[in-house]
Amino acid sequence: MPVSAQTALTAVRDAARVRPGQRVLVIGAAGGVGHFAVQLAVAAGAHVTGVCGPAKTDLVRSLGAAEVVDHSREEITDRGLRHDVVIDTAGNRPLTRLRRALTPTGTLVLVGGESAGGRLLRGIDRQLRALLLSPLVRQRLVPLVAKESSDNLDALTALIDAGQLRPVVDRTWPLAEAAEAIRHVEGGHARGKNVVLP
């Protein structure tokens, strides 16, 4: 909760400024940050579409997503829908495709580095290009810098107490299997968070 949920809160509330009635697309909706982002956008009153793999669609629906896109069957632009906000936690789609999924004045929030890395700057290539392009277009392109604070923890606690936010734990791992846990997450198999116990 302290890291992933705060990152999602910063993305949804501060960077995207999600408001009631907006259409929000969360890419990586079943992942560590993504599953919190879905719940936070729903709690903010948004119509949420989650993007995930086929084995995770039920989980994303259970988090409150009104629609789910199975990325193994379709791309985020296939339905022709435009979203007010796109929150990308997966890091594997080109900036041009992400912008096509936005309304003309929508907001794109890039959480984390690219999974394949950029040509020049590896994991921050796309974020830097978004930062440079944003002043030249009507869309807001925001590379996320997560903020950790006690105020954020208080806001998350209030949402948990209200039943609007819950962590999803995929698996727990003994410390001796930490390397296997990392491979599990890197392989895209995680559903929520994976926890390594001492």
# chains A, B, ... in the order shown; residues from 1 in each chain; ligands from 1
$ select_by_dssp --residues "stretch 19-151 of chain A" --states "alpha helix (DSSP H)" --output "PyMOL selection string"
chain A and resi 34-43+57-62+95-100+125-133+150-151
$ write_last_selection --atoms "N, CA, C and O atoms" --output "CSV table (one decimal), in the first residue's frame"
chain,number,residue,atom,x,y,z
A,34,GLY,N,-1.6,-0.6,-11.2
A,34,GLY,CA,-2.8,-0.5,-12.0
A,34,GLY,C,-4.0,-0.9,-11.3
A,34,GLY,O,-5.1,-0.3,-11.4
A,35,HIS,N,-4.0,-2.0,-10.4
A,35,HIS,CA,-5.2,-2.4,-9.7
A,35,HIS,C,-5.6,-1.3,-8.7
A,35,HIS,O,-6.8,-1.2,-8.5
A,36,PHE,N,-4.7,-0.6,-8.2
A,36,PHE,CA,-5.1,0.5,-7.3
A,36,PHE,C,-5.6,1.7,-8.2
A,36,PHE,O,-6.6,2.4,-7.8
A,37,ALA,N,-5.0,2.0,-9.3
A,37,ALA,CA,-5.5,3.1,-10.2
A,37,ALA,C,-6.9,2.8,-10.6
A,37,ALA,O,-7.7,3.8,-10.7
A,38,VAL,N,-7.3,1.6,-11.0
A,38,VAL,CA,-8.7,1.3,-11.3
A,38,VAL,C,-9.6,1.7,-10.2
A,38,VAL,O,-10.6,2.4,-10.4
A,39,GLN,N,-9.3,1.2,-9.0
A,39,GLN,CA,-10.2,1.5,-7.9
A,39,GLN,C,-10.3,3.0,-7.5
A,39,GLN,O,-11.3,3.5,-7.2
A,40,LEU,N,-9.1,3.7,-7.6
A,40,LEU,CA,-9.1,5.1,-7.3
A,40,LEU,C,-9.9,5.9,-8.3
A,40,LEU,O,-10.6,6.9,-8.0
A,41,ALA,N,-9.8,5.5,-9.6
A,41,ALA,CA,-10.6,6.3,-10.6
A,41,ALA,C,-12.1,6.0,-10.5
A,41,ALA,O,-12.9,6.9,-10.6
A,42,VAL,N,-12.4,4.8,-10.1
A,42,VAL,CA,-13.8,4.5,-9.9
A,42,VAL,C,-14.3,5.3,-8.7
A,42,VAL,O,-15.4,5.8,-8.7
A,43,ALA,N,-13.5,5.3,-7.6
A,43,ALA,CA,-13.9,6.1,-6.4
A,43,ALA,C,-14.1,7.6,-6.7
A,43,ALA,O,-14.9,8.3,-6.1
A,57,THR,N,-9.2,-10.6,-16.6
A,57,THR,CA,-10.4,-9.8,-16.8
A,57,THR,C,-11.4,-9.8,-15.7
A,57,THR,O,-11.9,-8.8,-15.4
A,58,ASP,N,-11.6,-11.0,-15.1
A,58,ASP,CA,-12.6,-11.0,-14.0
A,58,ASP,C,-12.1,-10.2,-12.8
A,58,ASP,O,-12.9,-9.5,-12.1
A,59,LEU,N,-10.8,-10.3,-12.5
A,59,LEU,CA,-10.2,-9.5,-11.4
A,59,LEU,C,-10.5,-8.0,-11.7
A,59,LEU,O,-10.9,-7.3,-10.8
A,60,VAL,N,-10.2,-7.5,-12.9
A,60,VAL,CA,-10.3,-6.1,-13.2
A,60,VAL,C,-11.8,-5.7,-13.1
A,60,VAL,O,-12.1,-4.6,-12.6
A,61,ARG,N,-12.7,-6.5,-13.5
A,61,ARG,CA,-14.1,-6.2,-13.4
A,61,ARG,C,-14.5,-6.1,-11.9
A,61,ARG,O,-15.2,-5.2,-11.5
A,62,SER,N,-13.9,-7.0,-11.1
A,62,SER,CA,-14.3,-7.0,-9.7
A,62,SER,C,-13.7,-5.8,-8.9
A,62,SER,O,-14.2,-5.4,-7.9
A,95,LEU,N,4.0,6.2,-27.9
A,95,LEU,CA,3.4,7.4,-27.5
A,95,LEU,C,2.3,7.8,-28.5
A,95,LEU,O,1.2,8.2,-28.1
A,96,THR,N,2.5,7.5,-29.8
A,96,THR,CA,1.5,7.9,-30.8
A,96,THR,C,0.2,7.1,-30.6
A,96,THR,O,-0.8,7.6,-30.8
A,97,ARG,N,0.3,5.8,-30.3
A,97,ARG,CA,-0.9,5.0,-30.1
A,97,ARG,C,-1.6,5.4,-28.8
A,97,ARG,O,-2.8,5.5,-28.8
A,98,LEU,N,-0.9,5.7,-27.8
A,98,LEU,CA,-1.5,6.2,-26.5
A,98,LEU,C,-2.2,7.5,-26.8
A,98,LEU,O,-3.4,7.7,-26.3
A,99,ARG,N,-1.7,8.4,-27.6
A,99,ARG,CA,-2.3,9.7,-27.8
A,99,ARG,C,-3.6,9.5,-28.7
A,99,ARG,O,-4.5,10.2,-28.5
A,100,ARG,N,-3.6,8.5,-29.6
A,100,ARG,CA,-4.8,8.2,-30.4
A,100,ARG,C,-5.9,7.7,-29.5
A,100,ARG,O,-7.1,7.8,-29.9
A,125,ASP,N,13.1,7.1,-22.1
A,125,ASP,CA,13.0,7.7,-23.4
A,125,ASP,C,11.6,8.2,-23.7
A,125,ASP,O,11.4,9.4,-24.1
A,126,ARG,N,10.6,7.4,-23.5
A,126,ARG,CA,9.2,7.8,-23.8
A,126,ARG,C,8.7,9.0,-22.9
A,126,ARG,O,8.1,9.9,-23.3
A,127,GLN,N,9.1,8.9,-21.6
A,127,GLN,CA,8.7,10.0,-20.7
A,127,GLN,C,9.4,11.3,-21.1
A,127,GLN,O,8.7,12.3,-21.1
A,128,LEU,N,10.6,11.3,-21.5
A,128,LEU,CA,11.3,12.5,-21.9
A,128,LEU,C,10.6,13.1,-23.2
A,128,LEU,O,10.4,14.3,-23.3
A,129,ARG,N,10.3,12.2,-24.2
A,129,ARG,CA,9.6,12.6,-25.4
A,129,ARG,C,8.3,13.2,-25.1
A,129,ARG,O,7.9,14.2,-25.7
A,130,ALA,N,7.6,12.6,-24.1
A,130,ALA,CA,6.2,13.2,-23.7
A,130,ALA,C,6.4,14.5,-23.1
A,130,ALA,O,5.6,15.5,-23.4
A,131,LEU,N,7.4,14.7,-22.3
A,131,LEU,CA,7.6,16.0,-21.6
A,131,LEU,C,7.9,17.1,-22.6
A,131,LEU,O,7.5,18.2,-22.5
A,132,LEU,N,8.7,16.7,-23.7
A,132,LEU,CA,9.1,17.7,-24.7
A,132,LEU,C,7.9,18.0,-25.6
A,132,LEU,O,7.8,19.1,-26.1
A,133,LEU,N,7.1,17.0,-25.9
A,133,LEU,CA,6.0,17.2,-26.8
A,133,LEU,C,4.8,17.9,-26.2
A,133,LEU,O,4.1,18.6,-26.9
A,150,SER,N,2.6,11.7,4.2
A,150,SER,CA,1.6,11.3,5.2
A,150,SER,C,0.2,11.6,4.8
A,150,SER,O,-0.7,10.9,5.1
A,151,ASP,N,0.1,12.8,4.1
A,151,ASP,CA,-1.3,13.2,3.7
A,151,ASP,C,-1.8,12.1,2.7
A,151,ASP,O,-3.0,11.8,2.7
$ residues_around --residues "stretch 176-193 of chain A" --least-positions-apart "5" --cutoff "6 Å" --atoms "only C-alpha atoms" --output "list in words"
Ala30, Gly31, Gly32, Val168, Val169 and Asp170 of chain A
$ closest_residue --among "A:Ser134, A:Thr7, A:Thr157, A:Asn194" --to "A:Ile87" --atoms "only C-alpha atoms"
A:Thr7
$ residues_around --residues "stretch 80-85 of chain A" --least-positions-apart "2" --cutoff "6 Å" --atoms "only C-alpha atoms" --output "VMD selection string"
chain A and resid 22 to 24 77 to 78 101 to 103 106 to 108
$ closest_residue --among "A:Ala46, A:Ala90, A:Cys52, A:Val33" --to "A:Met1" --atoms "only C-alpha atoms"
A:Val33
$ select_by_dssp --residues "chain A" --states "strand (DSSP E or B)" --output "ChimeraX atom specification"
/A:23-27,47-52,67-70,83-88,102-110,118,122,140-143,169-174,193-197
